[in-house]
$ cat final.pdb   # PDB, C-alpha atoms
MODEL        1
ATOM      1  CA  MET F   1      21.500   9.185   3.350  1.00  0.00           C
ATOM      2  CA  ASN F   2      18.971   7.675   0.913  1.00  0.00           C
ATOM      3  CA  GLN F   3      16.179   9.993  -0.099  1.00  0.00           C
ATOM      4  CA  PRO F   4      12.647   8.710   0.445  1.00  0.00           C
ATOM      5  CA  LEU F   5      10.473   8.319  -2.642  1.00  0.00           C
ATOM      6  CA  VAL F   6       7.977  11.138  -3.224  1.00  0.00           C
ATOM      7  CA  SER F   7       4.863  10.438  -5.298  1.00  0.00           C
ATOM      8  CA  VAL F   8       3.391  13.441  -7.110  1.00  0.00           C
ATOM      9  CA  ILE F   9      -0.263  13.011  -8.083  1.00  0.00           C
ATOM     10  CA  MET F  10      -1.472  15.135 -10.994  1.00  0.00           C
ATOM     11  CA  PRO F  11      -5.091  15.071 -12.224  1.00  0.00           C
ATOM     12  CA  VAL F  12      -5.189  16.097 -15.874  1.00  0.00           C
ATOM     13  CA  TYR F  13      -8.166  17.479 -17.761  1.00  0.00           C
ATOM     14  CA  ASN F  14      -7.898  19.369 -21.068  1.00  0.00           C
ATOM     15  CA  ALA F  15      -4.632  20.957 -19.975  1.00  0.00           C
ATOM     16  CA  GLU F  16      -2.662  21.054 -23.213  1.00  0.00           C
ATOM     17  CA  ARG F  17      -1.756  24.721 -22.552  1.00  0.00           C
ATOM     18  CA  PHE F  18      -0.126  24.049 -19.200  1.00  0.00           C
ATOM     19  CA  VAL F  19       0.604  20.402 -18.386  1.00  0.00           C
ATOM     20  CA  ALA F  20       4.109  20.196 -19.890  1.00  0.00           C
ATOM     21  CA  GLU F  21       5.298  23.071 -17.699  1.00  0.00           C
ATOM     22  CA  ALA F  22       3.659  21.517 -14.645  1.00  0.00           C
ATOM     23  CA  ILE F  23       5.446  18.197 -15.208  1.00  0.00           C
ATOM     24  CA  ALA F  24       8.745  19.969 -15.889  1.00  0.00           C
ATOM     25  CA  SER F  25       8.476  21.792 -12.558  1.00  0.00           C
ATOM     26  CA  VAL F  26       8.386  18.409 -10.810  1.00  0.00           C
ATOM     27  CA  LEU F  27      11.298  17.021 -12.804  1.00  0.00           C
ATOM     28  CA  ASN F  28      13.311  20.152 -11.922  1.00  0.00           C
ATOM     29  CA  GLN F  29      13.126  19.521  -8.180  1.00  0.00           C
ATOM     30  CA  GLY F  30      16.714  18.293  -8.074  1.00  0.00           C
ATOM     31  CA  ILE F  31      15.923  14.948  -6.486  1.00  0.00           C
ATOM     32  CA  GLU F  32      15.962  11.555  -8.159  1.00  0.00           C
ATOM     33  CA  SER F  33      13.510   9.789  -5.849  1.00  0.00           C
ATOM     34  CA  VAL F  34      10.305  11.154  -7.314  1.00  0.00           C
ATOM     35  CA  GLU F  35       7.513   9.566  -9.333  1.00  0.00           C
ATOM     36  CA  ILE F  36       4.776  11.424 -11.228  1.00  0.00           C
ATOM     37  CA  ILE F  37       1.354   9.823 -11.500  1.00  0.00           C
ATOM     38  CA  CYS F  38      -0.940  11.517 -14.028  1.00  0.00           C
ATOM     39  CA  VAL F  39      -4.597  10.507 -14.049  1.00  0.00           C
ATOM     40  CA  ASP F  40      -6.322  11.818 -17.162  1.00  0.00           C
ATOM     41  CA  ASP F  41      -9.909  12.674 -16.249  1.00  0.00           C
ATOM     42  CA  GLY F  42     -11.319  12.090 -19.730  1.00  0.00           C
ATOM     43  CA  SER F  43      -9.472  14.825 -21.637  1.00  0.00           C
ATOM     44  CA  THR F  44     -10.556  15.541 -25.218  1.00  0.00           C
ATOM     45  CA  ASP F  45      -7.578  17.689 -26.245  1.00  0.00           C
ATOM     46  CA  GLN F  46      -3.889  16.797 -26.696  1.00  0.00           C
ATOM     47  CA  SER F  47      -3.176  16.372 -22.973  1.00  0.00           C
ATOM     48  CA  ALA F  48      -2.634  12.614 -23.237  1.00  0.00           C
ATOM     49  CA  ALA F  49      -0.061  12.920 -26.011  1.00  0.00           C
ATOM     50  CA  ILE F  50       1.817  15.654 -24.155  1.00  0.00           C
ATOM     51  CA  VAL F  51       1.955  13.695 -20.898  1.00  0.00           C
ATOM     52  CA  GLN F  52       3.039  10.495 -22.625  1.00  0.00           C
ATOM     53  CA  SER F  53       5.767  12.352 -24.536  1.00  0.00           C
ATOM     54  CA  PHE F  54       7.746  12.512 -21.272  1.00  0.00           C
ATOM     55  CA  GLY F  55       8.174   8.736 -21.405  1.00  0.00           C
ATOM     56  CA  PRO F  56       8.285   6.326 -18.448  1.00  0.00           C
ATOM     57  CA  VAL F  57       9.334   9.036 -15.983  1.00  0.00           C
ATOM     58  CA  VAL F  58       5.605   9.902 -15.908  1.00  0.00           C
ATOM     59  CA  ARG F  59       3.073   7.144 -15.309  1.00  0.00           C
ATOM     60  CA  TYR F  60      -0.118   7.857 -17.232  1.00  0.00           C
ATOM     61  CA  TYR F  61      -3.586   6.471 -16.497  1.00  0.00           C
ATOM     62  CA  ARG F  62      -6.959   7.396 -17.908  1.00  0.00           C
ATOM     63  CA  GLN F  63     -10.446   7.373 -16.408  1.00  0.00           C
ATOM     64  CA  GLU F  64     -13.867   8.517 -17.523  1.00  0.00           C
ATOM     65  CA  ASN F  65     -14.581  12.095 -16.444  1.00  0.00           C
ATOM     66  CA  GLN F  66     -15.317  12.060 -12.707  1.00  0.00           C
ATOM     67  CA  GLY F  67     -13.661  15.198 -11.405  1.00  0.00           C
ATOM     68  CA  PRO F  68     -10.289  15.965  -9.772  1.00  0.00           C
ATOM     69  CA  ALA F  69     -11.116  14.428  -6.387  1.00  0.00           C
ATOM     70  CA  ALA F  70     -11.865  11.062  -8.011  1.00  0.00           C
ATOM     71  CA  ALA F  71      -8.720  11.343 -10.143  1.00  0.00           C
ATOM     72  CA  ARG F  72      -6.588  11.917  -7.045  1.00  0.00           C
ATOM     73  CA  ASN F  73      -8.270   9.052  -5.230  1.00  0.00           C
ATOM     74  CA  ASN F  74      -7.722   6.669  -8.126  1.00  0.00           C
ATOM     75  CA  ALA F  75      -4.074   7.701  -8.301  1.00  0.00           C
ATOM     76  CA  PHE F  76      -3.528   6.215  -4.853  1.00  0.00           C
ATOM     77  CA  SER F  77      -3.803   2.791  -6.493  1.00  0.00           C
ATOM     78  CA  PHE F  78      -0.359   3.444  -7.956  1.00  0.00           C
ATOM     79  CA  VAL F  79       1.408   5.410  -5.206  1.00  0.00           C
ATOM     80  CA  ARG F  80       4.668   3.819  -4.086  1.00  0.00           C
ATOM     81  CA  GLY F  81       6.224   6.715  -2.180  1.00  0.00           C
ATOM     82  CA  GLN F  82       6.633   7.201   1.545  1.00  0.00           C
ATOM     83  CA  PHE F  83       5.576  10.790   0.882  1.00  0.00           C
ATOM     84  CA  VAL F  84       2.926  12.142  -1.464  1.00  0.00           C
ATOM     85  CA  THR F  85       2.020  15.554  -2.799  1.00  0.00           C
ATOM     86  CA  PHE F  86      -0.308  16.931  -5.450  1.00  0.00           C
ATOM     87  CA  LEU F  87       0.010  19.313  -8.375  1.00  0.00           C
ATOM     88  CA  ASP F  88      -2.853  20.593 -10.481  1.00  0.00           C
ATOM     89  CA  ASN F  89      -2.147  20.361 -14.195  1.00  0.00           C
ATOM     90  CA  ASP F  90      -1.856  24.141 -14.569  1.00  0.00           C
ATOM     91  CA  ASP F  91       0.237  25.002 -11.505  1.00  0.00           C
ATOM     92  CA  LEU F  92       3.972  24.873 -10.764  1.00  0.00           C
ATOM     93  CA  PHE F  93       6.307  23.792  -7.970  1.00  0.00           C
ATOM     94  CA  PRO F  94       9.166  26.133  -7.013  1.00  0.00           C
ATOM     95  CA  ALA F  95      12.452  24.342  -7.690  1.00  0.00           C
ATOM     96  CA  TYR F  96      13.237  23.972  -3.962  1.00  0.00           C
ATOM     97  CA  LYS F  97       9.836  22.701  -2.780  1.00  0.00           C
ATOM     98  CA  LEU F  98      10.529  19.019  -2.168  1.00  0.00           C
ATOM     99  CA  THR F  99      14.028  19.411  -0.714  1.00  0.00           C
ATOM    100  CA  ARG F 100      12.889  22.014   1.826  1.00  0.00           C
ATOM    101  CA  GLN F 101       9.794  20.117   2.881  1.00  0.00           C
ATOM    102  CA  LEU F 102      11.658  16.809   3.156  1.00  0.00           C
ATOM    103  CA  ALA F 103      14.228  18.549   5.356  1.00  0.00           C
ATOM    104  CA  LEU F 104      11.470  19.557   7.776  1.00  0.00           C
ATOM    105  CA  PHE F 105      10.266  15.958   7.988  1.00  0.00           C
ATOM    106  CA  GLU F 106      13.821  14.783   8.607  1.00  0.00           C
ATOM    107  CA  ALA F 107      14.221  17.335  11.403  1.00  0.00           C
ATOM    108  CA  ASP F 108      10.974  16.222  13.078  1.00  0.00           C
ATOM    109  CA  PRO F 109      10.002  12.586  12.384  1.00  0.00           C
ATOM    110  CA  SER F 110       6.677  13.083  14.176  1.00  0.00           C
ATOM    111  CA  LEU F 111       5.415  15.401  11.428  1.00  0.00           C
ATOM    112  CA  GLU F 112       2.670  14.072   9.169  1.00  0.00           C
ATOM    113  CA  VAL F 113       2.007  17.097   6.934  1.00  0.00           C
ATOM    114  CA  VAL F 114       3.952  20.229   5.991  1.00  0.00           C
ATOM    115  CA  PHE F 115       2.156  23.145   4.330  1.00  0.00           C
ATOM    116  CA  GLY F 116       3.814  26.187   2.795  1.00  0.00           C
ATOM    117  CA  LYS F 117       2.531  29.407   1.294  1.00  0.00           C
ATOM    118  CA  THR F 118       1.054  29.888  -2.176  1.00  0.00           C
ATOM    119  CA  ARG F 119       2.010  32.604  -4.644  1.00  0.00           C
ATOM    120  CA  TYR F 120      -0.651  33.607  -7.163  1.00  0.00           C
ATOM    121  CA  VAL F 121       0.466  34.083 -10.763  1.00  0.00           C
ATOM    122  CA  PHE F 122      -2.045  35.837 -13.021  1.00  0.00           C
ATOM    123  CA  LEU F 123      -2.080  34.824 -16.667  1.00  0.00           C
ATOM    124  CA  ASP F 124      -4.004  36.263 -19.597  1.00  0.00           C
ATOM    125  CA  GLY F 125      -7.743  36.030 -19.063  1.00  0.00           C
ATOM    126  CA  SER F 126      -7.525  36.037 -15.256  1.00  0.00           C
ATOM    127  CA  ASN F 127      -9.335  38.467 -12.968  1.00  0.00           C
ATOM    128  CA  PRO F 128      -6.802  39.616 -10.342  1.00  0.00           C
ATOM    129  CA  GLU F 129      -8.994  42.546  -9.297  1.00  0.00           C
ATOM    130  CA  ARG F 130     -11.166  40.286  -7.132  1.00  0.00           C
ATOM    131  CA  PHE F 131      -8.209  39.191  -4.984  1.00  0.00           C
ATOM    132  CA  HIS F 132      -6.787  41.107  -2.044  1.00  0.00           C
ATOM    133  CA  PHE F 133      -3.238  40.328  -0.901  1.00  0.00           C
ATOM    134  CA  PRO F 134      -1.338  41.556   2.152  1.00  0.00           C
ATOM    135  CA  ASP F 135       1.559  42.821  -0.002  1.00  0.00           C
ATOM    136  CA  GLN F 136       2.899  43.014  -3.546  1.00  0.00           C
ATOM    137  CA  THR F 137       4.245  39.463  -3.532  1.00  0.00           C
ATOM    138  CA  GLN F 138       0.703  38.101  -4.020  1.00  0.00           C
ATOM    139  CA  THR F 139       1.574  35.399  -1.505  1.00  0.00           C
ATOM    140  CA  VAL F 140      -0.886  33.885   0.944  1.00  0.00           C
ATOM    141  CA  TRP F 141      -1.167  31.004   3.360  1.00  0.00           C
ATOM    142  CA  ASN F 142      -4.102  28.802   2.427  1.00  0.00           C
ATOM    143  CA  ILE F 143      -5.075  25.156   2.158  1.00  0.00           C
ATOM    144  CA  LEU F 144      -4.068  24.077  -1.334  1.00  0.00           C
ATOM    145  CA  LEU F 145      -2.893  20.501  -1.759  1.00  0.00           C
ATOM    146  CA  GLY F 146       0.033  21.489  -3.958  1.00  0.00           C
ATOM    147  CA  ALA F 147       1.495  23.614  -1.162  1.00  0.00           C
ATOM    148  CA  GLY F 148       1.693  20.550   1.075  1.00  0.00           C
ATOM    149  CA  LEU F 149       3.785  17.422   1.461  1.00  0.00           C
ATOM    150  CA  PHE F 150       2.182  14.473   3.237  1.00  0.00           C
ATOM    151  CA  ARG F 151       3.296  11.206   4.726  1.00  0.00           C
ATOM    152  CA  THR F 152       1.395   8.679   2.642  1.00  0.00           C
ATOM    153  CA  ASP F 153       0.377   6.825   5.801  1.00  0.00           C
ATOM    154  CA  VAL F 154      -1.753   9.765   6.936  1.00  0.00           C
ATOM    155  CA  PHE F 155      -4.268   8.907   4.201  1.00  0.00           C
ATOM    156  CA  HIS F 156      -4.717   5.455   5.743  1.00  0.00           C
ATOM    157  CA  ARG F 157      -5.909   7.187   8.897  1.00  0.00           C
ATOM    158  CA  ILE F 158      -7.861  10.157   7.545  1.00  0.00           C
ATOM    159  CA  GLY F 159      -9.148   8.670   4.300  1.00  0.00           C
ATOM    160  CA  LEU F 160      -9.084  10.128   0.798  1.00  0.00           C
ATOM    161  CA  PHE F 161     -10.974  13.001  -0.823  1.00  0.00           C
ATOM    162  CA  ASN F 162     -14.693  13.692  -0.876  1.00  0.00           C
ATOM    163  CA  GLU F 163     -15.738  13.120  -4.482  1.00  0.00           C
ATOM    164  CA  GLU F 164     -19.007  15.004  -3.981  1.00  0.00           C
ATOM    165  CA  LEU F 165     -16.999  18.243  -4.032  1.00  0.00           C
ATOM    166  CA  LYS F 166     -16.020  19.579  -7.460  1.00  0.00           C
ATOM    167  CA  ILE F 167     -13.640  21.990  -5.713  1.00  0.00           C
ATOM    168  CA  GLY F 168     -12.754  22.429  -2.052  1.00  0.00           C
ATOM    169  CA  GLU F 169     -11.914  18.782  -1.368  1.00  0.00           C
ATOM    170  CA  ASP F 170      -8.580  20.059  -0.035  1.00  0.00           C
ATOM    171  CA  LEU F 171     -10.323  22.188   2.618  1.00  0.00           C
ATOM    172  CA  ASP F 172     -12.601  19.301   3.546  1.00  0.00           C
ATOM    173  CA  TRP F 173      -9.611  16.959   3.959  1.00  0.00           C
ATOM    174  CA  TYR F 174      -7.718  19.549   6.011  1.00  0.00           C
ATOM    175  CA  ASN F 175     -10.705  19.945   8.330  1.00  0.00           C
ATOM    176  CA  ARG F 176     -10.854  16.198   8.857  1.00  0.00           C
ATOM    177  CA  ALA F 177      -7.120  16.045   9.523  1.00  0.00           C
ATOM    178  CA  LYS F 178      -7.320  18.823  12.125  1.00  0.00           C
ATOM    179  CA  GLU F 179     -10.320  17.160  13.771  1.00  0.00           C
ATOM    180  CA  GLN F 180      -8.316  13.930  14.136  1.00  0.00           C
ATOM    181  CA  GLY F 181      -5.175  15.567  15.483  1.00  0.00           C
ATOM    182  CA  VAL F 182      -2.832  15.184  12.522  1.00  0.00           C
ATOM    183  CA  HIS F 183       0.576  16.751  13.254  1.00  0.00           C
ATOM    184  CA  ILE F 184       0.792  19.606  10.729  1.00  0.00           C
ATOM    185  CA  GLN F 185       3.589  22.159  10.433  1.00  0.00           C
ATOM    186  CA  THR F 186       3.443  25.337   8.381  1.00  0.00           C
ATOM    187  CA  THR F 187       6.297  27.262   6.823  1.00  0.00           C
ATOM    188  CA  ASP F 188       6.562  30.753   5.365  1.00  0.00           C
ATOM    189  CA  ASP F 189       8.317  29.410   2.277  1.00  0.00           C
ATOM    190  CA  VAL F 190       6.325  29.555  -0.957  1.00  0.00           C
ATOM    191  CA  MET F 191       5.661  25.939  -1.937  1.00  0.00           C
ATOM    192  CA  LEU F 192       3.203  26.417  -4.802  1.00  0.00           C
ATOM    193  CA  LEU F 193       2.791  28.765  -7.744  1.00  0.00           C
ATOM    194  CA  TYR F 194      -0.941  28.927  -8.372  1.00  0.00           C
ATOM    195  CA  ARG F 195      -1.616  30.063 -11.918  1.00  0.00           C
ATOM    196  CA  HIS F 196      -4.898  31.893 -12.340  1.00  0.00           C
ATOM    197  CA  HIS F 197      -6.392  32.015 -15.830  1.00  0.00           C
ATOM    198  CA  ASP F 198      -9.642  32.048 -17.776  1.00  0.00           C
ATOM    199  CA  THR F 199     -10.533  28.368 -17.226  1.00  0.00           C
ATOM    200  CA  ASN F 200      -9.967  27.927 -13.460  1.00  0.00           C
ATOM    201  CA  TYR F 201     -12.836  26.250 -11.617  1.00  0.00           C
ATOM    202  CA  THR F 202     -12.463  28.915  -8.940  1.00  0.00           C
ATOM    203  CA  ARG F 203     -13.574  31.672 -11.334  1.00  0.00           C
ATOM    204  CA  ASP F 204     -17.123  30.511 -10.550  1.00  0.00           C
ATOM    205  CA  GLN F 205     -17.745  32.454  -7.335  1.00  0.00           C
ATOM    206  CA  ASP F 206     -21.121  30.833  -6.710  1.00  0.00           C
ATOM    207  CA  LEU F 207     -19.431  27.430  -6.823  1.00  0.00           C
ATOM    208  CA  VAL F 208     -16.694  28.628  -4.462  1.00  0.00           C
ATOM    209  CA  LYS F 209     -19.212  29.934  -1.928  1.00  0.00           C
ATOM    210  CA  SER F 210     -21.425  26.841  -2.058  1.00  0.00           C
ATOM    211  CA  THR F 211     -18.393  24.579  -1.664  1.00  0.00           C
ATOM    212  CA  LEU F 212     -17.184  26.502   1.373  1.00  0.00           C
ATOM    213  CA  LEU F 213     -20.608  26.136   2.963  1.00  0.00           C
ATOM    214  CA  LYS F 214     -20.602  22.406   2.208  1.00  0.00           C
ATOM    215  CA  ALA F 215     -17.165  21.952   3.776  1.00  0.00           C
ATOM    216  CA  ILE F 216     -18.324  23.781   6.913  1.00  0.00           C
ATOM    217  CA  LYS F 217     -21.490  21.687   7.081  1.00  0.00           C
ATOM    218  CA  TYR F 218     -19.527  18.440   6.689  1.00  0.00           C
ATOM    219  CA  SER F 219     -17.275  19.489   9.551  1.00  0.00           C
ATOM    220  CA  LEU F 220     -20.215  20.375  11.796  1.00  0.00           C
ATOM    221  CA  ASP F 221     -21.933  17.088  10.966  1.00  0.00           C
ATOM    222  CA  ARG F 222     -18.800  15.125  11.860  1.00  0.00           C
ATOM    223  CA  ARG F 223     -18.573  16.878  15.207  1.00  0.00           C
ATOM    224  CA  ARG F 224     -22.137  15.840  15.962  1.00  0.00           C
ATOM    225  CA  SER F 225     -21.827  12.287  14.674  1.00  0.00           C
ATOM    226  CA  ASP F 226     -19.355  10.034  12.857  1.00  0.00           C
ATOM    227  CA  ALA F 227     -22.049   8.718  10.513  1.00  0.00           C
ATOM    228  CA  GLY F 228     -20.804  10.613   7.463  1.00  0.00           C
ATOM    229  CA  VAL F 229     -17.153   9.665   7.867  1.00  0.00           C
ATOM    230  CA  ARG F 230     -17.657   6.030   6.883  1.00  0.00           C
ATOM    231  CA  THR F 231     -18.954   6.937   3.424  1.00  0.00           C
ATOM    232  CA  LEU F 232     -15.724   8.613   2.321  1.00  0.00           C
ATOM    233  CA  PRO F 233     -13.266   6.683   0.130  1.00  0.00           C
ATOM    234  CA  LYS F 234     -10.661   4.737   2.070  1.00  0.00           C
ATOM    235  CA  PHE F 235      -7.050   4.318   0.982  1.00  0.00           C
ATOM    236  CA  ALA F 236      -7.363   0.504   1.031  1.00  0.00           C
ATOM    237  CA  ASP F 237     -10.325   0.564  -1.371  1.00  0.00           C
ATOM    238  CA  PHE F 238      -8.141   1.993  -4.110  1.00  0.00           C
ATOM    239  CA  ARG F 239      -5.132  -0.174  -3.319  1.00  0.00           C
ATOM    240  CA  GLN F 240      -7.271  -3.254  -3.889  1.00  0.00           C
ATOM    241  CA  SER F 241      -9.386  -2.245  -6.879  1.00  0.00           C
ATOM    242  CA  PRO F 242      -8.116   0.705  -8.953  1.00  0.00           C
ATOM    243  CA  ASN F 243     -10.614   2.170 -11.386  1.00  0.00           C
ATOM    244  CA  SER F 244      -8.122   3.574 -13.899  1.00  0.00           C
ATOM    245  CA  ASP F 245      -6.871   2.086 -17.150  1.00  0.00           C
ATOM    246  CA  THR F 246      -3.126   2.104 -17.805  1.00  0.00           C
ATOM    247  CA  GLN F 247      -2.124   3.593 -21.133  1.00  0.00           C
TER     248      GLN F 247
ENDMDL
END
$ encode --input "final.pdb" --output "structure tokens"
Amino acid sequence: MNQPLVSVIMPVYNAERFVAEAIASVLNQGIESVEIICVDDGSTDQSAAIVQSFGPVVRYYRQENQGPAAARNNAFSFVRGQFVTFLDNDDLFPAYKLTRQLALFEADPSLEVVFGKTRYVFLDGSNPERFHFPDQTQTVWNILLGAGLFRTDVFHRIGLFNEELKIGEDLDWYNRAKEQGVHIQTTDDVMLLYRHHDTNYTRDQDLVKSTLLKAIKYSLDRRRSDAGVRTLPKFADFRQSPNSDTQ
């Protein structure tokens, strides 16, 4: 049976410490039908050279600094896969991620999204003391894009990511998907290794709290009226007029 193509979208910003390992974790998935789309969000370090050193197996595009949500949205201009997933430039996929999630889609063709668990990995400069885990595995179930695999078509229906959110666009998208009845399955398998370090956006607790409040407000506003939904980026907008420059 032919494997469907999976597109992996990776926003990149000043990630010279981590991005090679992130890309390698995708290439080590054990499937041939995968494409990696890196959108460089205006990096000023050696990220571009590192990404391009992988050759044509990684498609590299650059944009002016607009944030990760905009980078992911722009990447949809180049997506060719039936399925799509996301990996931040400092995180890792377990080697089995794509094969296990694709198997769940094959078993139930009605599925639109599969989410797995996330395991936190604390690197030098991180602050693990502010996290509370149910056990020693440091594994949780939460809404991180890298822990999911999505049918690309679902973004036609739900739309893309809210670029007003510096972080938390994954939670906002998940809320919209639930509101519109997207068929989502969860699994206890760890599907993302989230690496926590001294430059994570989420170290800013004030930003985390304000983003959570924004996501809740957006959801409440949508339940009252559909006025705000129309302003979000649509898949077709990026298919017609990508904003990125190919390098």
$ atom_distance --input "final.pdb" --atom1 "CA of Pro134 in chain F" --atom2 "CA of Leu87 in chain F"
24.6 Å
$ atom_distance --input "final.pdb" --atom1 "CA of Gly159 in chain F" --atom2 "CA of Ala48 in chain F"
28.6 Å
$ residues_around --input "final.pdb" --residues "Ala70 in chain F" --least-positions-apart "6" --cutoff "9 Å" --atoms "all atoms listed in the file" --output "JSON, numbers by chain"
{"F": [11, 41, 161, 162, 163]}
$ residues_around --input "final.pdb" --residues "Gln82 in chain F" --least-positions-apart "2" --cutoff "7 Å" --atoms "only C-alpha atoms" --output "PyMOL selection string"
chain F and resi 4-6+80+84+151-152
$ atom_distance --input "final.pdb" --atom1 "CA of Ser77 in chain F" --atom2 "CA of Val12 in chain F"
16.3 Å
$ residues_around --input "final.pdb" --residues "range 88-92 of chain F" --least-positions-apart "3" --cutoff "6 Å" --atoms "all atoms listed in the file" --output "MDAnalysis selection string"
chainID F and resid 10 12 18:19 22 25 193:195
$ residues_near_point --input "final.pdb" --point "(-4.6, 11.2, -15.7)" --cutoff "9 Å" --atoms "all atoms listed in the file" --output "PDB file with C-alpha atoms, in the frame of the given file"
ATOM      1  CA  ILE F   9      -0.263  13.011  -8.083  1.00  0.00           C
ATOM      2  CA  MET F  10      -1.472  15.135 -10.994  1.00  0.00           C
ATOM      3  CA  PRO F  11      -5.091  15.071 -12.224  1.00  0.00           C
ATOM      4  CA  VAL F  12      -5.189  16.097 -15.874  1.00  0.00           C
ATOM      5  CA  TYR F  13      -8.166  17.479 -17.761  1.00  0.00           C
ATOM      6  CA  ILE F  37       1.354   9.823 -11.500  1.00  0.00           C
ATOM      7  CA  CYS F  38      -0.940  11.517 -14.028  1.00  0.00           C
ATOM      8  CA  VAL F  39      -4.597  10.507 -14.049  1.00  0.00           C
ATOM      9  CA  ASP F  40      -6.322  11.818 -17.162  1.00  0.00           C
ATOM     10  CA  ASP F  41      -9.909  12.674 -16.249  1.00  0.00           C
ATOM     11  CA  GLY F  42     -11.319  12.090 -19.730  1.00  0.00           C
ATOM     12  CA  SER F  43      -9.472  14.825 -21.637  1.00  0.00           C
ATOM     13  CA  ALA F  48      -2.634  12.614 -23.237  1.00  0.00           C
ATOM     14  CA  VAL F  51       1.955  13.695 -20.898  1.00  0.00           C
ATOM     15  CA  ARG F  59       3.073   7.144 -15.309  1.00  0.00           C
ATOM     16  CA  TYR F  60      -0.118   7.857 -17.232  1.00  0.00           C
ATOM     17  CA  TYR F  61      -3.586   6.471 -16.497  1.00  0.00           C
ATOM     18  CA  ARG F  62      -6.959   7.396 -17.908  1.00  0.00           C
ATOM     19  CA  GLN F  63     -10.446   7.373 -16.408  1.00  0.00           C
ATOM     20  CA  ALA F  71      -8.720  11.343 -10.143  1.00  0.00           C
ATOM     21  CA  ARG F  72      -6.588  11.917  -7.045  1.00  0.00           C
ATOM     22  CA  ALA F  75      -4.074   7.701  -8.301  1.00  0.00           C
ATOM     23  CA  SER F 244      -8.122   3.574 -13.899  1.00  0.00           C
TER      24      SER F 244
END
$ residues_near_point --input "final.pdb" --point "(-4.0, 18.8, -22.3)" --cutoff "6 Å" --atoms "all atoms listed in the file" --output "VMD selection string"
chain F and resid 14 to 16 45 to 47
$ residues_around --input "final.pdb" --residues "range 99-112 of chain F" --least-positions-apart "2" --cutoff "7 Å" --atoms "all atoms listed in the file" --output "ChimeraX atom specification"
/F:96-97,114,149-151,154,182-184
$ closest_residue --input "final.pdb" --among "F:Asp172, F:Ser53, F:Asn73, F:Leu192" --to "Arg119 in chain F" --atoms "all atoms listed in the file"
F:Leu192
$ resolve_selection --input "final.pdb" --expression "the PyMOL selection byres ((chain F and resi 117) around 7)" --output "ChimeraX atom specification"
/F:115-116,118-119,139-142,147,188-192
